file run15.tsv (TSV, C-alpha atoms and all ligand atoms)
chain	number	residue	atom	x	y	z
A	1116	MET	CA	0.00	0.00	0.00
A	1117	ILE	CA	1.34	3.45	-0.91
A	1118	LYS	CA	1.96	6.10	1.73
A	1119	VAL	CA	-0.78	8.66	1.17
A	1120	PRO	CA	-0.06	12.25	2.27
A	1121	ASP	CA	-2.30	14.10	4.76
A	1122	ILE	CA	-4.92	15.30	2.32
A	1123	ILE	CA	-8.66	15.72	2.04
A	1124	ILE	CA	-10.26	13.55	-0.62
A	1125	ALA	CA	-13.59	14.92	-1.88
A	1126	VAL	CA	-15.88	12.38	-3.56
A	1127	ASP	CA	-18.93	13.85	-5.29
A	1128	GLY	CA	-21.37	12.47	-7.82
A	1129	TRP	CA	-24.90	11.39	-8.63
A	1130	SER	CA	-27.05	9.36	-6.22
A	1131	SER	CA	-26.31	5.62	-6.10
A	1132	THR	CA	-23.07	5.74	-8.05
A	1133	GLY	CA	-21.37	3.86	-5.23
A	1134	LYS	CA	-19.76	6.95	-3.67
A	1135	SER	CA	-20.05	5.77	-0.10
A	1136	THR	CA	-18.88	2.22	-0.84
A	1137	PHE	CA	-15.87	3.62	-2.69
A	1138	ALA	CA	-15.13	6.34	-0.10
A	1139	LYS	CA	-15.43	3.90	2.83
A	1140	PHE	CA	-13.14	1.40	1.12
A	1141	VAL	CA	-10.55	4.06	0.26
A	1142	ALA	CA	-10.66	5.41	3.84
A	1143	LYS	CA	-10.14	1.96	5.28
A	1144	ARG	CA	-7.23	1.14	2.97
A	1145	PHE	CA	-5.46	4.49	3.52
A	1146	GLY	CA	-6.27	4.77	7.24
A	1147	PHE	CA	-8.37	7.90	6.67
A	1148	LEU	CA	-11.55	9.05	8.42
A	1149	TYR	CA	-14.67	8.51	6.30
A	1150	LEU	CA	-17.38	11.15	6.54
A	1151	ASP	CA	-20.74	10.80	4.78
A	1152	SER	CA	-22.13	14.30	4.24
A	1153	GLY	CA	-25.39	12.94	2.81
A	1154	ALA	CA	-26.01	11.24	6.16
A	1155	MET	CA	-26.06	14.69	7.78
A	1156	TYR	CA	-28.79	15.86	5.38
A	1157	ARG	CA	-30.66	12.65	6.07
A	1158	GLY	CA	-30.32	13.29	9.82
A	1159	VAL	CA	-31.81	16.77	9.46
A	1160	THR	CA	-34.61	15.26	7.35
A	1161	LEU	CA	-35.36	12.69	10.06
A	1162	LEU	CA	-35.55	15.52	12.61
A	1163	ALA	CA	-37.98	17.45	10.36
A	1164	MET	CA	-40.14	14.33	9.93
A	1165	GLU	CA	-40.20	13.50	13.64
A	1166	LYS	CA	-41.06	17.07	14.60
A	1167	GLY	CA	-43.91	17.16	12.06
A	1168	LEU	CA	-42.28	19.91	10.01
A	1169	ILE	CA	-42.99	18.31	6.63
A	1170	SER	CA	-46.53	18.38	5.27
A	1171	PRO	CA	-48.20	18.29	1.85
A	1172	GLU	CA	-47.92	22.11	1.91
A	1173	GLY	CA	-44.15	21.88	2.16
A	1174	ILE	CA	-41.41	22.32	4.76
A	1175	ASP	CA	-41.96	24.48	7.84
A	1176	GLU	CA	-38.62	26.27	7.44
A	1177	ASP	CA	-39.05	28.53	10.48
A	1178	GLY	CA	-39.79	25.52	12.65
A	1179	LEU	CA	-36.78	23.68	11.28
A	1180	ARG	CA	-34.48	26.65	11.82
A	1181	LYS	CA	-35.63	26.84	15.46
A	1182	GLU	CA	-34.97	23.13	15.98
A	1183	LEU	CA	-31.46	23.41	14.53
A	1184	GLU	CA	-30.66	26.56	16.46
A	1185	ALA	CA	-31.91	24.94	19.68
A	1186	GLY	CA	-28.79	22.76	19.38
A	1187	TYR	CA	-29.65	19.58	17.47
A	1188	ASP	CA	-26.82	17.20	18.34
A	1189	LEU	CA	-26.04	15.36	15.10
A	1190	HIS	CA	-22.61	13.77	15.04
A	1191	PHE	CA	-20.59	10.78	13.88
A	1192	GLU	CA	-19.16	8.09	16.12
A	1193	ARG	CA	-16.66	5.54	14.97
A	1194	PRO	CA	-16.42	2.14	16.57
A	1195	ASP	CA	-12.78	0.94	16.71
A	1196	ASP	CA	-13.30	-1.66	14.04
A	1197	GLY	CA	-15.91	-0.10	11.78
A	1198	ALA	CA	-17.21	2.74	9.64
A	1199	THR	CA	-18.56	5.98	11.08
A	1200	GLN	CA	-22.19	5.92	12.24
A	1201	LEU	CA	-24.54	8.87	12.59
A	1202	PHE	CA	-25.94	9.69	16.03
A	1203	SER	CA	-28.66	12.03	17.20
A	1204	GLY	CA	-27.58	12.58	20.80
A	1205	SER	CA	-27.03	9.08	22.13
A	1206	ARG	CA	-29.30	7.42	19.55
A	1207	ASN	CA	-27.72	5.62	16.59
A	1208	ILE	CA	-29.87	6.68	13.60
A	1209	GLU	CA	-27.78	5.10	10.85
A	1210	LYS	CA	-30.58	2.70	9.88
A	1211	GLU	CA	-33.50	5.11	10.18
A	1212	ILE	CA	-31.93	7.67	7.85
A	1213	ARG	CA	-31.78	5.13	4.97
A	1214	THR	CA	-35.52	4.50	4.55
A	1215	MET	CA	-37.39	5.37	1.33
A	1216	GLU	CA	-39.39	7.94	3.29
A	1217	VAL	CA	-36.28	9.85	4.31
A	1218	SER	CA	-34.92	9.50	0.74
A	1219	SER	CA	-38.08	11.04	-0.63
A	1220	TYR	CA	-37.79	14.19	1.54
A	1221	VAL	CA	-34.04	14.67	1.75
A	1222	SER	CA	-33.49	16.58	-1.50
A	1223	PRO	CA	-35.96	19.39	-0.72
A	1224	ILE	CA	-34.55	19.63	2.83
A	1225	SER	CA	-30.99	19.81	1.51
A	1226	ALA	CA	-32.00	22.59	-0.88
A	1227	VAL	CA	-32.72	24.91	2.09
A	1228	ALA	CA	-29.81	27.38	2.36
A	1229	PHE	CA	-29.60	27.54	6.19
A	1230	VAL	CA	-29.65	23.75	6.39
A	1231	ARG	CA	-26.64	23.68	4.06
A	1232	SER	CA	-24.63	26.16	6.12
A	1233	TRP	CA	-25.56	24.34	9.35
A	1234	VAL	CA	-24.30	21.04	7.86
A	1235	ASP	CA	-21.17	22.63	6.31
A	1236	GLU	CA	-20.11	24.09	9.65
A	1237	ARG	CA	-20.23	20.66	11.22
A	1238	LEU	CA	-18.45	18.95	8.33
A	1239	HIS	CA	-15.57	21.40	8.76
A	1240	ALA	CA	-15.41	20.78	12.49
A	1241	PHE	CA	-15.43	16.97	12.02
A	1242	SER	CA	-12.56	17.26	9.49
A	1243	ALA	CA	-10.34	19.51	11.56
A	1244	ASN	CA	-7.62	16.86	11.90
A	1245	GLY	CA	-7.35	16.15	8.14
A	1246	ARG	CA	-6.85	12.71	6.51
A	1247	VAL	CA	-10.49	12.59	5.55
A	1248	VAL	CA	-12.46	11.05	2.70
A	1249	MET	CA	-15.79	12.84	2.46
A	1250	ASP	CA	-18.55	12.00	0.01
A	1251	GLY	CA	-21.49	14.11	-1.10
A	1252	ARG	CA	-22.67	16.45	-3.84
A	1253	ASP	CA	-20.78	19.70	-3.24
A	1254	ILE	CA	-17.67	18.68	-1.30
A	1255	GLY	CA	-15.20	19.61	-4.06
A	1256	THR	CA	-17.12	22.70	-5.13
A	1257	THR	CA	-18.32	24.28	-1.87
A	1258	VAL	CA	-17.40	22.48	1.35
A	1259	PHE	CA	-13.71	21.90	0.52
A	1260	PRO	CA	-12.97	23.81	-2.70
A	1261	ASP	CA	-9.24	23.46	-1.89
A	1262	ALA	CA	-9.35	19.67	-1.34
A	1263	GLU	CA	-6.12	18.20	-2.68
A	1264	LEU	CA	-7.90	15.42	-4.54
A	1265	LYS	CA	-11.40	15.57	-6.03
A	1266	ILE	CA	-13.28	12.67	-7.59
A	1267	PHE	CA	-16.58	12.96	-9.46
A	1268	MET	CA	-18.46	9.68	-9.76
A	1269	THR	CA	-20.90	8.65	-12.45
A	1270	ALA	CA	-22.48	5.38	-13.59
A	1271	SER	CA	-25.17	4.47	-16.09
A	1272	ALA	CA	-28.81	5.00	-15.04
A	1273	ASP	CA	-29.57	1.26	-15.18
A	1274	VAL	CA	-26.60	0.34	-13.03
A	1275	ARG	CA	-27.47	3.01	-10.48
A	1276	ALA	CA	-31.13	1.92	-10.19
A	1277	LYS	CA	-30.16	-1.73	-9.84
A	1278	ARG	CA	-27.60	-0.94	-7.12
A	1279	ARG	CA	-30.07	1.14	-5.14
A	1280	TYR	CA	-32.81	-1.48	-5.48
A	1281	ASP	CA	-30.51	-4.31	-4.36
A	1282	GLU	CA	-29.30	-2.22	-1.43
A	1283	LEU	CA	-32.85	-1.56	-0.20
A	1284	ILE	CA	-33.96	-5.17	-0.61
A	1285	LEU	CA	-30.86	-6.39	1.21
A	1286	LYS	CA	-31.73	-4.11	4.12
A	1287	GLY	CA	-35.29	-5.40	4.12
A	1288	THR	CA	-36.69	-2.01	3.06
A	1289	PRO	CA	-39.75	-2.54	0.86
A	1290	ALA	CA	-39.45	-0.83	-2.55
A	1291	THR	CA	-40.32	-1.43	-6.19
A	1292	MET	CA	-37.99	-0.80	-9.10
A	1293	GLU	CA	-40.40	1.90	-10.38
A	1294	GLU	CA	-40.20	3.75	-7.05
A	1295	VAL	CA	-36.42	3.55	-7.05
A	1296	VAL	CA	-36.10	4.88	-10.61
A	1297	ALA	CA	-38.58	7.70	-9.90
A	1298	ASN	CA	-36.75	8.66	-6.68
A	1299	LEU	CA	-33.35	8.66	-8.41
A	1300	LYS	CA	-34.61	10.85	-11.26
A	1301	GLU	CA	-36.27	13.27	-8.89
A	1302	ARG	CA	-33.18	13.56	-6.70
A	1303	ASP	CA	-30.88	14.04	-9.71
A	1304	TYR	CA	-33.08	16.87	-10.86
A	1305	ILE	CA	-33.43	18.64	-7.50
A	1306	ASP	CA	-29.76	18.14	-6.54
A	1307	SER	CA	-28.46	19.60	-9.81
A	1308	HIS	CA	-31.00	22.45	-10.14
A	1309	ARG	CA	-31.17	23.92	-6.63
A	1310	ALA	CA	-30.01	27.52	-6.14
A	1311	THR	CA	-27.50	26.82	-3.35
A	1312	SER	CA	-24.44	24.73	-4.29
A	1313	PRO	CA	-26.05	22.49	-6.92
A	1314	LEU	CA	-24.43	19.20	-7.82
A	1315	ARG	CA	-21.81	19.75	-10.49
A	1316	ARG	CA	-18.37	18.46	-11.27
A	1317	ALA	CA	-15.59	20.73	-9.99
A	1318	ASP	CA	-13.30	21.84	-12.83
A	1319	ASP	CA	-10.34	20.11	-11.19
A	1320	ALA	CA	-12.17	16.86	-10.32
A	1321	PHE	CA	-11.21	13.52	-11.87
A	1322	GLU	CA	-14.18	11.64	-13.27
A	1323	LEU	CA	-14.73	8.01	-12.31
A	1324	ASP	CA	-17.39	6.11	-14.29
A	1325	ASN	CA	-17.65	2.84	-12.39
A	1326	SER	CA	-20.54	1.24	-14.34
A	1327	GLU	CA	-18.29	-1.63	-15.36
A	1328	MET	CA	-15.70	-1.55	-12.56
A	1329	THR	CA	-15.13	-3.64	-9.46
A	1330	LEU	CA	-14.25	-2.00	-6.16
A	1331	HIS	CA	-10.73	-3.35	-6.46
A	1332	GLU	CA	-10.33	-1.71	-9.88
A	1333	GLU	CA	-11.55	1.56	-8.39
A	1334	LEU	CA	-8.90	1.30	-5.66
A	1335	VAL	CA	-6.17	0.64	-8.22
A	1336	TRP	CA	-7.43	3.66	-10.20
A	1337	ILE	CA	-7.26	6.06	-7.24
A	1338	GLN	CA	-3.87	4.75	-6.12
A	1339	GLY	CA	-2.52	5.44	-9.60
A	1340	LEU	CA	-4.04	8.90	-9.48
A	1341	ILE	CA	-2.46	9.67	-6.10
A	1342	GLN	CA	0.92	8.34	-7.18
A	1343	GLY	CA	0.86	10.45	-10.34
A	1344	LYS	CA	-0.44	13.60	-8.67
A	1345	PHE	CA	1.83	13.54	-5.63
A	1346	GLY	CA	4.85	11.88	-7.25
A	1347	ILE	CA	4.77	8.82	-4.95
A	1348	LEU	CA	6.55	5.63	-5.89
A	1349	ASP	CA	5.45	2.11	-4.88
A	1401	LIG	O1	-25.61	10.60	-0.64
A	1401	LIG	P1	-27.06	10.48	-0.16
A	1401	LIG	O2	-27.98	9.88	-1.19
A	1401	LIG	O3	-27.18	9.83	1.15
A	1401	LIG	O4	-27.53	12.00	0.02
A	1401	LIG	C1	-28.82	12.31	0.43
A	1401	LIG	C2	-29.26	13.64	-0.14
A	1401	LIG	O5	-28.52	14.68	0.49
A	1401	LIG	C3	-29.08	13.81	-1.63
A	1401	LIG	O6	-30.30	13.62	-2.31
A	1401	LIG	C4	-28.62	15.22	-1.80
A	1401	LIG	C5	-28.21	15.68	-0.46
A	1401	LIG	N1	-26.77	16.00	-0.35
A	1401	LIG	C6	-26.39	17.26	-0.68
A	1401	LIG	O7	-27.20	18.07	-1.10
A	1401	LIG	N2	-25.09	17.64	-0.51
A	1401	LIG	C7	-24.19	16.77	-0.06
A	1401	LIG	N3	-22.93	17.16	0.10
A	1401	LIG	C8	-24.58	15.44	0.25
A	1401	LIG	C9	-25.89	15.08	0.08
call {"tool": "encode", "arguments": {"input": "run15.tsv", "output": "structure tokens", "more": "lines below"}}
Ligand code: DC
result
Amino acid sequence: MIKVPDIIIAVDGWSSTGKSTFAKFVAKRFGFLYLDSGAMYRGVTLLAMEKGLISPEGIDEDGLRKELEAGYDLHFERPDDGATQLFSGSRNIEKEIRTMEVSSYVSPISAVAFVRSWVDERLHAFSANGRVVMDGRDIGTTVFPDAELKIFMTASADVRAKRRYDELILKGTPATMEEVVANLKERDYIDSHRATSPLRRADDAFELDNSEMTLHEELVWIQGLIQGKFGILD
């Protein structure tokens, strides 16, 4: 394994392109901290749902702002042997934030400007010690525009839908393929069209289309990239 310098690796891309699987794997292999920024937006969405701040009329933004300002304690904890898990206070919410219901509300919640700055502030604090792999939609463009290495992930629409569907079924979350495709399309649209930090590839990001790649091939790809960029030999 190559010796990776103390850098921040930003991994952005479309939903269900395997960002978190890739980022987690890279973090584990390089001994970096993995941070899932999407989990933070999901955590805020869960709060909004539990407080009854989402209705057919829309999001009660004032109510949500008050809840966040009251000191919502959303943070990551990392067991010695595993990946980071999201906690609300002392409650592990890693499973609850992955339901279809949360997925269906998370894009509109993450389009709210004060939610984004609230999350960004925390992402910076969690990354203060460096050696971080963070995945999301705007890490290389907004959260860490100076990240030393930026990856932008894509995959074909069919591959993405199949991955998401398999993931939900594996977790025992009921879903149909039609629902999954509709949710992916809707999230793509909202994420790339919102006014505040929309999803886009940073000019200096390296694109990774992993439709036909194994995780191992992805690791070999990023190692080659790091060796070339930072002049590291085997
Ligand atoms: O990566 P994910 O599917 O868990 O992300 C959930 C939602 O959060 C996604 O639809 C868009 C939003 N998000 C964002 O706006 N900015 C980020 N940096 C990460 C996620």
call {"tool": "residues_near_ligand", "arguments": {"input": "run15.tsv", "ligand": "ligand LIG 1401 (chain A)", "cutoff": "7 Å", "atoms": "only C-alpha atoms and all ligand atoms", "output": "MDAnalysis selection string"}}
result
chainID A and resid 1130:1131 1152:1154 1156:1157 1218 1221:1222 1225:1226 1250:1254 1302 1306
call {"tool": "closest_residue", "arguments": {"input": "run15.tsv", "among": "A:Phe1229, A:Tyr1149, A:Tyr1304, A:Trp1129", "to": "A:Ser1242", "atoms": "only C-alpha atoms"}}
result
A:Tyr1149
call {"tool": "residues_around", "arguments": {"input": "run15.tsv", "residues": "A:Thr1291", "least_positions_apart": "4", "cutoff": "9 Å", "atoms": "all atoms listed in the file", "output": "VMD selection string"}}
result
chain A and resid 1280 1295 to 1296
call {"tool": "residues_around", "arguments": {"input": "run15.tsv", "residues": "A:Leu1330", "least_positions_apart": "3", "cutoff": "8 Å", "atoms": "only C-alpha atoms", "output": "JSON, numbers by chain"}}
result
{"A": [1137, 1333, 1334]}
call {"tool": "closest_residue", "arguments": {"input": "run15.tsv", "among": "A:Arg1316, A:Gly1346, A:Ile1341, A:Ile1124", "to": "A:Ala1262", "atoms": "all atoms listed in the file"}}
result
A:Ile1124
call {"tool": "residues_around", "arguments": {"input": "run15.tsv", "residues": "A:Ile1208", "least_positions_apart": "2", "cutoff": "12 Å", "atoms": "all atoms listed in the file", "output": "JSON, numbers by chain"}}
result
{"A": [1154, 1155, 1157, 1158, 1159, 1160, 1161, 1162, 1188, 1189, 1190, 1191, 1192, 1199, 1200, 1201, 1202, 1203, 1204, 1205, 1206, 1210, 1211, 1212, 1213, 1214, 1217]}
call {"tool": "atom_distance", "arguments": {"input": "run15.tsv", "atom1": "atom CA of A:Ser1271", "atom2": "atom CA of A:Thr1329"}}
result
14.5 Å
call {"tool": "closest_residue", "arguments": {"input": "run15.tsv", "among": "A:Leu1150, A:Arg1275, A:Phe1140, A:Ser1135", "to": "A:His1239", "atoms": "all atoms listed in the file"}}
result
A:Leu1150
call {"tool": "closest_residue", "arguments": {"input": "run15.tsv", "among": "A:Arg1237, A:His1308, A:Lys1344, A:Lys1265", "to": "A:Val1126", "atoms": "only C-alpha atoms"}}
result
A:Lys1265
call {"tool": "closest_residue", "arguments": {"input": "run15.tsv", "among": "A:Ala1317, A:Phe1241, A:Glu1176, A:Pro1194", "to": "A:Asp1261", "atoms": "only C-alpha atoms"}}
result
A:Ala1317
call {"tool": "closest_residue", "arguments": {"input": "run15.tsv", "among": "A:Leu1323, A:Leu1168, A:Ala1125, A:Ile1174", "to": "A:Pro1223", "atoms": "all atoms listed in the file"}}
result
A:Ile1174
call {"tool": "atom_distance", "arguments": {"input": "run15.tsv", "atom1": "atom CA of A:Ile1305", "atom2": "atom CA of A:Lys1134"}}
result
18.4 Å
call {"tool": "atom_distance", "arguments": {"input": "run15.tsv", "atom1": "atom CA of A:Arg1279", "atom2": "atom CA of A:Lys1166"}}
result
27.6 Å
call {"tool": "residues_near_point", "arguments": {"input": "run15.tsv", "point": "(-21.4, 17.3, -13.5)", "cutoff": "10 Å", "atoms": "only C-alpha atoms", "output": "ChimeraX atom specification"}}
result
/A:1127-1129,1252,1267-1269,1307,1313-1318,1320,1322
call {"tool": "residues_around", "arguments": {"input": "run15.tsv", "residues": "A:Asn1244", "least_positions_apart": "5", "cutoff": "12 Å", "atoms": "all atoms listed in the file", "output": "number ranges by chain"}}
result
A: 1121-1123, 1147-1148, 1238-1239
